[in-house]
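Novice: Sharing a structure with you now.
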Amino acid sequence: MLAVGVRGAQWQCELTPWGDVLIDGEIRLRWFVAADDRWYEPARETTIRQRQVSGVPVIETRLKVPGGDAVQRVYGVANFGGVVVVEIYNDSSLPFAVAFDRADISTMRAPSPTGVQGIDLPGDSVVFPVGHHATMRAAFRVGAANKNSGQLKASELEGLPSYEQVERGWLAALQTTSRVDLPELSWSTLLTQKRCEILLGEPQIFDRQTDEVEFVLDIAERVRMGDKAAQWSSDVAVAAEKIIKRCAQNKIVQWDEDRAILAAGMVLDRAGESRGRDDVARVWSRLADTGVSREMSASDKIKFALPSVDRVATSSASPRWND
């Protein structure tokens, strides 16, 4: 399932492939469409298509209806302590109605007084007409701070960011990190998705079971995207030490270990730990004198050359990183 949310939030929102909204693993909201010919239940339809807009946590689900599509867009905003916005856009030539299976949501207008007819839904379900090329917006609060909060007023709901603004905000946040030149657009979208997953998730806890390489690379990417490096400097230094010791014992350095040490130096530098940065660089440079080889197998498919702490370049057939 795809996730939406805001950076650093303590709640998790996911969408099923047909657009049901889940909060912390439990279904929070389902949607249904009454088109010109019949009721459509997205979970049972074969014409559902879903994507992440520009690879960021804005999820668009399209349902085929007569004359076009019913389009659902779901995203999270930080306003009011955390809000999930659900927009229904009528991208068809005919009007339709959208129903939600619960009434405890904030909406921009009152539901239809006739209620839901022609489909078996929970008693507190609500239905709204959606005209040709019109948008219906609903939302609900999430997070521990909103447990006892009421619904949003129509003016507050209208003032929430649009999905385009949220999309631009995520892309702007990602542009602060290293630039990557990739040969295929699909790779760039995948990289955007993975970076967003890092920001939506909680940082790893560093302990004995932690993969040191994965931990350092994860923290380094967070730091590049704006997290404060100082809070991670001690754990990153310990992880770097363990990586170096393992490489010395194995007499070989894998490409991801090489990359992790480079990333550790960057984190320590941004944390103001110049002594720790220099210690890591000095010990790492001495590995070559102890007979340790740097091997990058064909199965890795990416060959990294590491000319400096600030730049990582690869061959023309591989990604190029400019930190």
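We name chains A, B, ... following the order of the structure tokens; residues begin at 1 in each chain, and ligands are numbered from 1 as shown.
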Running DSSP on the backbone, which parts of region 56-282 of chain A land in alpha helix (DSSP H), as a ChimeraX atom specification?
Specialist: /A:154-158,163-174,185-200,212-224,233-250,255-270,274-282
Novice: Go ahead and save the residues from that selection, with C-alpha atoms, as an mmCIF file, in the first residue's frame.
Specialist:
```
data_model
loop_
_atom_site.group_PDB
_atom_site.id
_atom_site.type_symbol
_atom_site.label_atom_id
_atom_site.label_comp_id
_atom_site.auth_asym_id
_atom_site.auth_seq_id
_atom_site.Cartn_x
_atom_site.Cartn_y
_atom_site.Cartn_z
ATOM 1 C CA ALA A 154 -15.815 24.876 5.953
ATOM 2 C CA SER A 155 -13.587 27.963 5.849
ATOM 3 C CA GLU A 156 -10.745 26.056 7.541
ATOM 4 C CA LEU A 157 -11.140 23.167 5.126
ATOM 5 C CA GLU A 158 -11.123 25.505 2.147
ATOM 6 C CA TYR A 163 -2.669 18.791 -3.691
ATOM 7 C CA GLU A 164 -0.564 20.821 -6.152
ATOM 8 C CA GLN A 165 0.858 22.887 -3.287
ATOM 9 C CA VAL A 166 1.635 19.754 -1.284
ATOM 10 C CA GLU A 167 3.304 18.220 -4.334
ATOM 11 C CA ARG A 168 5.490 21.297 -4.814
ATOM 12 C CA GLY A 169 6.345 21.361 -1.113
ATOM 13 C CA TRP A 170 7.603 17.789 -1.136
ATOM 14 C CA LEU A 171 9.629 18.313 -4.304
ATOM 15 C CA ALA A 172 11.184 21.470 -2.846
ATOM 16 C CA ALA A 173 12.192 19.565 0.300
ATOM 17 C CA LEU A 174 13.819 16.839 -1.775
ATOM 18 C CA LEU A 185 12.776 8.894 -15.714
ATOM 19 C CA SER A 186 11.366 5.865 -13.892
ATOM 20 C CA TRP A 187 14.570 5.660 -11.825
ATOM 21 C CA SER A 188 14.192 9.302 -10.825
ATOM 22 C CA THR A 189 10.594 8.714 -9.722
ATOM 23 C CA LEU A 190 11.665 5.669 -7.725
ATOM 24 C CA LEU A 191 14.378 7.691 -6.001
ATOM 25 C CA THR A 192 11.823 10.380 -5.115
ATOM 26 C CA GLN A 193 9.502 7.724 -3.662
ATOM 27 C CA LYS A 194 12.273 6.221 -1.540
ATOM 28 C CA ARG A 195 13.339 9.600 -0.194
ATOM 29 C CA CYS A 196 9.743 10.400 0.731
ATOM 30 C CA GLU A 197 9.486 7.045 2.508
ATOM 31 C CA ILE A 198 12.491 8.042 4.605
ATOM 32 C CA LEU A 199 10.882 11.336 5.623
ATOM 33 C CA LEU A 200 7.511 9.730 6.359
ATOM 34 C CA GLU A 212 25.373 -0.166 10.260
ATOM 35 C CA VAL A 213 25.614 0.572 6.533
ATOM 36 C CA GLU A 214 21.863 0.966 6.118
ATOM 37 C CA PHE A 215 21.682 3.116 9.251
ATOM 38 C CA VAL A 216 24.401 5.532 8.140
ATOM 39 C CA LEU A 217 22.998 5.887 4.618
ATOM 40 C CA ASP A 218 19.498 6.485 6.021
ATOM 41 C CA ILE A 219 20.671 9.159 8.462
ATOM 42 C CA ALA A 220 22.853 10.827 5.836
ATOM 43 C CA GLU A 221 19.889 11.168 3.493
ATOM 44 C CA ARG A 222 17.796 12.631 6.313
ATOM 45 C CA VAL A 223 20.523 15.162 7.067
ATOM 46 C CA ARG A 224 20.752 16.163 3.411
ATOM 47 C CA SER A 233 26.621 12.245 15.322
ATOM 48 C CA SER A 234 27.442 9.827 18.162
ATOM 49 C CA ASP A 235 25.569 6.876 16.649
ATOM 50 C CA VAL A 236 26.975 7.580 13.183
ATOM 51 C CA ALA A 237 30.527 7.666 14.566
ATOM 52 C CA VAL A 238 30.028 4.309 16.301
ATOM 53 C CA ALA A 239 28.483 2.801 13.162
ATOM 54 C CA ALA A 240 31.382 4.058 11.030
ATOM 55 C CA GLU A 241 33.872 2.520 13.456
ATOM 56 C CA LYS A 242 32.120 -0.854 13.213
ATOM 57 C CA ILE A 243 32.083 -0.701 9.408
ATOM 58 C CA ILE A 244 35.804 0.055 9.289
ATOM 59 C CA LYS A 245 36.619 -2.791 11.692
ATOM 60 C CA ARG A 246 34.541 -5.228 9.643
ATOM 61 C CA CYS A 247 36.258 -4.178 6.419
ATOM 62 C CA ALA A 248 39.675 -4.622 8.048
ATOM 63 C CA GLN A 249 38.755 -8.102 9.271
ATOM 64 C CA ASN A 250 37.273 -9.186 5.929
ATOM 65 C CA TRP A 255 30.720 -0.450 -2.575
ATOM 66 C CA ASP A 256 27.952 0.304 -0.071
ATOM 67 C CA GLU A 257 30.439 0.268 2.820
ATOM 68 C CA ASP A 258 32.591 2.744 0.920
ATOM 69 C CA ARG A 259 29.545 4.933 0.368
ATOM 70 C CA ALA A 260 28.519 4.680 4.037
ATOM 71 C CA ILE A 261 31.904 5.902 5.271
ATOM 72 C CA LEU A 262 31.712 8.836 2.875
ATOM 73 C CA ALA A 263 28.219 9.602 4.203
ATOM 74 C CA ALA A 264 29.380 9.302 7.819
ATOM 75 C CA GLY A 265 32.057 11.907 7.169
ATOM 76 C CA MET A 266 29.429 14.258 5.752
ATOM 77 C CA VAL A 267 27.143 13.825 8.783
ATOM 78 C CA LEU A 268 29.980 14.411 11.244
ATOM 79 C CA ASP A 269 31.109 17.467 9.298
ATOM 80 C CA ARG A 270 27.626 19.010 9.333
ATOM 81 C CA SER A 274 35.541 18.002 12.727
ATOM 82 C CA ARG A 275 37.747 15.814 14.902
ATOM 83 C CA GLY A 276 35.486 12.801 14.446
ATOM 84 C CA ARG A 277 35.287 13.465 10.713
ATOM 85 C CA ASP A 278 39.074 13.621 10.425
ATOM 86 C CA ASP A 279 39.531 10.478 12.534
ATOM 87 C CA VAL A 280 37.184 8.506 10.280
ATOM 88 C CA ALA A 281 38.918 9.806 7.147
ATOM 89 C CA ARG A 282 42.383 9.020 8.519
#
```
Novice: Skip region 8-14 of chain A itself and residues of its chain fewer than 4 positions away, then list as a PyMOL selection string all residues within 9 Å of it, counting only C-alpha atoms.
Specialist: chain A and resi 1-4+20-25+76+78+82+84+142-144+199-202
Novice: Write the residues of the preceding selection, restricted to N, CA and C atoms, as a PDB file, in the first residue's frame.
Specialist:
```
ATOM      1  N   MET A   1       0.836  -1.200   0.000  1.00  0.00           N
ATOM      2  CA  MET A   1       0.000   0.000   0.000  1.00  0.00           C
ATOM      3  C   MET A   1       0.873   1.253   0.000  1.00  0.00           C
ATOM      4  N   LEU A   2       0.342   2.315  -0.584  1.00  0.00           N
ATOM      5  CA  LEU A   2       1.053   3.584  -0.627  1.00  0.00           C
ATOM      6  C   LEU A   2       0.703   4.413   0.603  1.00  0.00           C
ATOM      7  N   ALA A   3       1.651   5.246   1.033  1.00  0.00           N
ATOM      8  CA  ALA A   3       1.483   6.018   2.261  1.00  0.00           C
ATOM      9  C   ALA A   3       1.405   7.508   1.960  1.00  0.00           C
ATOM     10  N   VAL A   4       0.657   8.217   2.796  1.00  0.00           N
ATOM     11  CA  VAL A   4       0.644   9.678   2.779  1.00  0.00           C
ATOM     12  C   VAL A   4       0.876  10.149   4.205  1.00  0.00           C
ATOM     13  N   ASP A  20      -9.254   3.047  -0.356  1.00  0.00           N
ATOM     14  CA  ASP A  20      -9.687   3.078   1.041  1.00  0.00           C
ATOM     15  C   ASP A  20      -8.567   3.686   1.881  1.00  0.00           C
ATOM     16  N   VAL A  21      -8.930   4.546   2.831  1.00  0.00           N
ATOM     17  CA  VAL A  21      -7.942   5.243   3.650  1.00  0.00           C
ATOM     18  C   VAL A  21      -7.802   4.533   4.993  1.00  0.00           C
ATOM     19  N   LEU A  22      -6.573   4.162   5.341  1.00  0.00           N
ATOM     20  CA  LEU A  22      -6.283   3.486   6.601  1.00  0.00           C
ATOM     21  C   LEU A  22      -5.430   4.390   7.485  1.00  0.00           C
ATOM     22  N   ILE A  23      -5.760   4.436   8.764  1.00  0.00           N
ATOM     23  CA  ILE A  23      -4.949   5.147   9.746  1.00  0.00           C
ATOM     24  C   ILE A  23      -4.447   4.127  10.757  1.00  0.00           C
ATOM     25  N   ASP A  24      -3.120   4.042  10.877  1.00  0.00           N
ATOM     26  CA  ASP A  24      -2.490   3.084  11.790  1.00  0.00           C
ATOM     27  C   ASP A  24      -3.029   1.672  11.585  1.00  0.00           C
ATOM     28  N   GLY A  25      -3.239   1.302  10.319  1.00  0.00           N
ATOM     29  CA  GLY A  25      -3.626  -0.058   9.971  1.00  0.00           C
ATOM     30  C   GLY A  25      -5.111  -0.345   9.980  1.00  0.00           C
ATOM     31  N   GLY A  76      -1.658  14.328   3.023  1.00  0.00           N
ATOM     32  CA  GLY A  76      -1.634  14.803   4.396  1.00  0.00           C
ATOM     33  C   GLY A  76      -1.053  16.200   4.492  1.00  0.00           C
ATOM     34  N   ALA A  78       0.084  19.332   7.640  1.00  0.00           N
ATOM     35  CA  ALA A  78       0.410  19.499   9.058  1.00  0.00           C
ATOM     36  C   ALA A  78      -0.546  20.447   9.773  1.00  0.00           C
ATOM     37  N   GLY A  82      -2.403  17.911  12.149  1.00  0.00           N
ATOM     38  CA  GLY A  82      -2.392  16.756  11.256  1.00  0.00           C
ATOM     39  C   GLY A  82      -3.757  16.504  10.655  1.00  0.00           C
ATOM     40  N   VAL A  84      -5.755  14.647   7.121  1.00  0.00           N
ATOM     41  CA  VAL A  84      -5.748  13.911   5.860  1.00  0.00           C
ATOM     42  C   VAL A  84      -6.860  14.475   4.987  1.00  0.00           C
ATOM     43  N   VAL A 142      -6.098  13.754  12.373  1.00  0.00           N
ATOM     44  CA  VAL A 142      -5.407  12.538  12.795  1.00  0.00           C
ATOM     45  C   VAL A 142      -4.360  12.906  13.836  1.00  0.00           C
ATOM     46  N   GLY A 143      -3.822  11.889  14.487  1.00  0.00           N
ATOM     47  CA  GLY A 143      -2.769  12.118  15.463  1.00  0.00           C
ATOM     48  C   GLY A 143      -3.301  12.219  16.876  1.00  0.00           C
ATOM     49  N   ALA A 144      -2.405  11.971  17.833  1.00  0.00           N
ATOM     50  CA  ALA A 144      -2.793  11.972  19.244  1.00  0.00           C
ATOM     51  C   ALA A 144      -3.322  13.325  19.692  1.00  0.00           C
ATOM     52  N   LEU A 199      11.405  10.207   4.859  1.00  0.00           N
ATOM     53  CA  LEU A 199      10.882  11.336   5.623  1.00  0.00           C
ATOM     54  C   LEU A 199       9.567  10.998   6.320  1.00  0.00           C
ATOM     55  N   LEU A 200       8.772  10.118   5.732  1.00  0.00           N
ATOM     56  CA  LEU A 200       7.511   9.730   6.359  1.00  0.00           C
ATOM     57  C   LEU A 200       7.724   8.773   7.529  1.00  0.00           C
ATOM     58  N   GLY A 201       8.764   7.962   7.444  1.00  0.00           N
ATOM     59  CA  GLY A 201       9.018   6.972   8.486  1.00  0.00           C
ATOM     60  C   GLY A 201       9.834   7.544   9.633  1.00  0.00           C
ATOM     61  N   GLU A 202       9.882   6.793  10.716  1.00  0.00           N
ATOM     62  CA  GLU A 202      10.685   7.186  11.864  1.00  0.00           C
ATOM     63  C   GLU A 202      12.128   6.732  11.667  1.00  0.00           C
TER      64      GLU A 202
END
```
Novice: Report the distance between CA of Pro42 (chain A) and CA of Ser93 (chain A) in Å, rounded to one decimal place.
Specialist: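 CA of Pro42 (chain A) sits 19.6 Å away from CA of Ser93 (chain A).
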Novice: If you measure from CA of Ala35 (chain A) to CA of Ala110 (chain A), what distance in Å do you get, rounded to one decimal?
Specialist: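 Value for the CA of Ala35 (chain A)-CA of Ala110 (chain A) distance: 19.9 Å.
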Novice: For the atom pair CA of Val86 (chain A) and CA of Ala139 (chain A), what is the interatomic distance in Å to one decimal place?
Specialist: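 Answer for the CA of Val86 (chain A) to CA of Ala139 (chain A) separation: 5.7 Å.
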Novice: Excluding Asp37 (chain A) and residues on its chain fewer than 3 positions from it, collect all residues at most 12 Å away from it, counting only C-alpha atoms, and give them as a short mmCIF file (atom, residue, chain, number, x, y, z; two decimals) with C-alpha atoms, in the first residue's frame.
Specialist:
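Heads up, here's the output in part19.cif:
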```
data_model
loop_
_atom_site.label_atom_id
_atom_site.label_comp_id
_atom_site.auth_asym_id
_atom_site.auth_seq_id
_atom_site.Cartn_x
_atom_site.Cartn_y
_atom_site.Cartn_z
CA VAL A 33 -19.48 6.60 -6.74
CA ALA A 34 -23.03 6.79 -8.11
CA TYR A 40 -19.39 1.84 -8.35
CA LYS A 64 -13.62 4.63 -14.84
CA VAL A 65 -17.20 5.94 -15.07
CA PRO A 66 -19.36 6.83 -18.09
CA GLY A 67 -17.81 9.81 -19.86
CA LEU A 94 -21.49 13.77 -16.70
CA PRO A 95 -22.31 14.60 -13.07
CA PHE A 96 -22.08 11.89 -10.44
CA ALA A 97 -22.37 11.53 -6.68
CA GLY A 118 -29.39 2.06 -4.15
#
```
Novice: Would you mind listing what lies within 9 Å of Val77 (chain A) as a ChimeraX atom specification, with only C-alpha atoms counted and same-chain residues fewer than 2 positions away left out?
Specialist: /A:5-6,75,79-85,160-161,166
Novice: Taking the chain letters and numbering used in this document, name the residues of region 96-298 of chain A that DSSP puts in strand (DSSP E or B), as a PyMOL selection string.
Specialist: chain A and resi 96-100+106-107+126-130+135-141+179-181+252-253+293-294
Novice: In terms of the shortest atom-to-atom distance over only C-alpha atoms, which of A:Ser92, A:Leu121, A:Ala138, A:Gly131 is closest to Thr107 (chain A)?
Specialist: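 Selected residue with least distance to Thr107 (chain A): A:Ala138.
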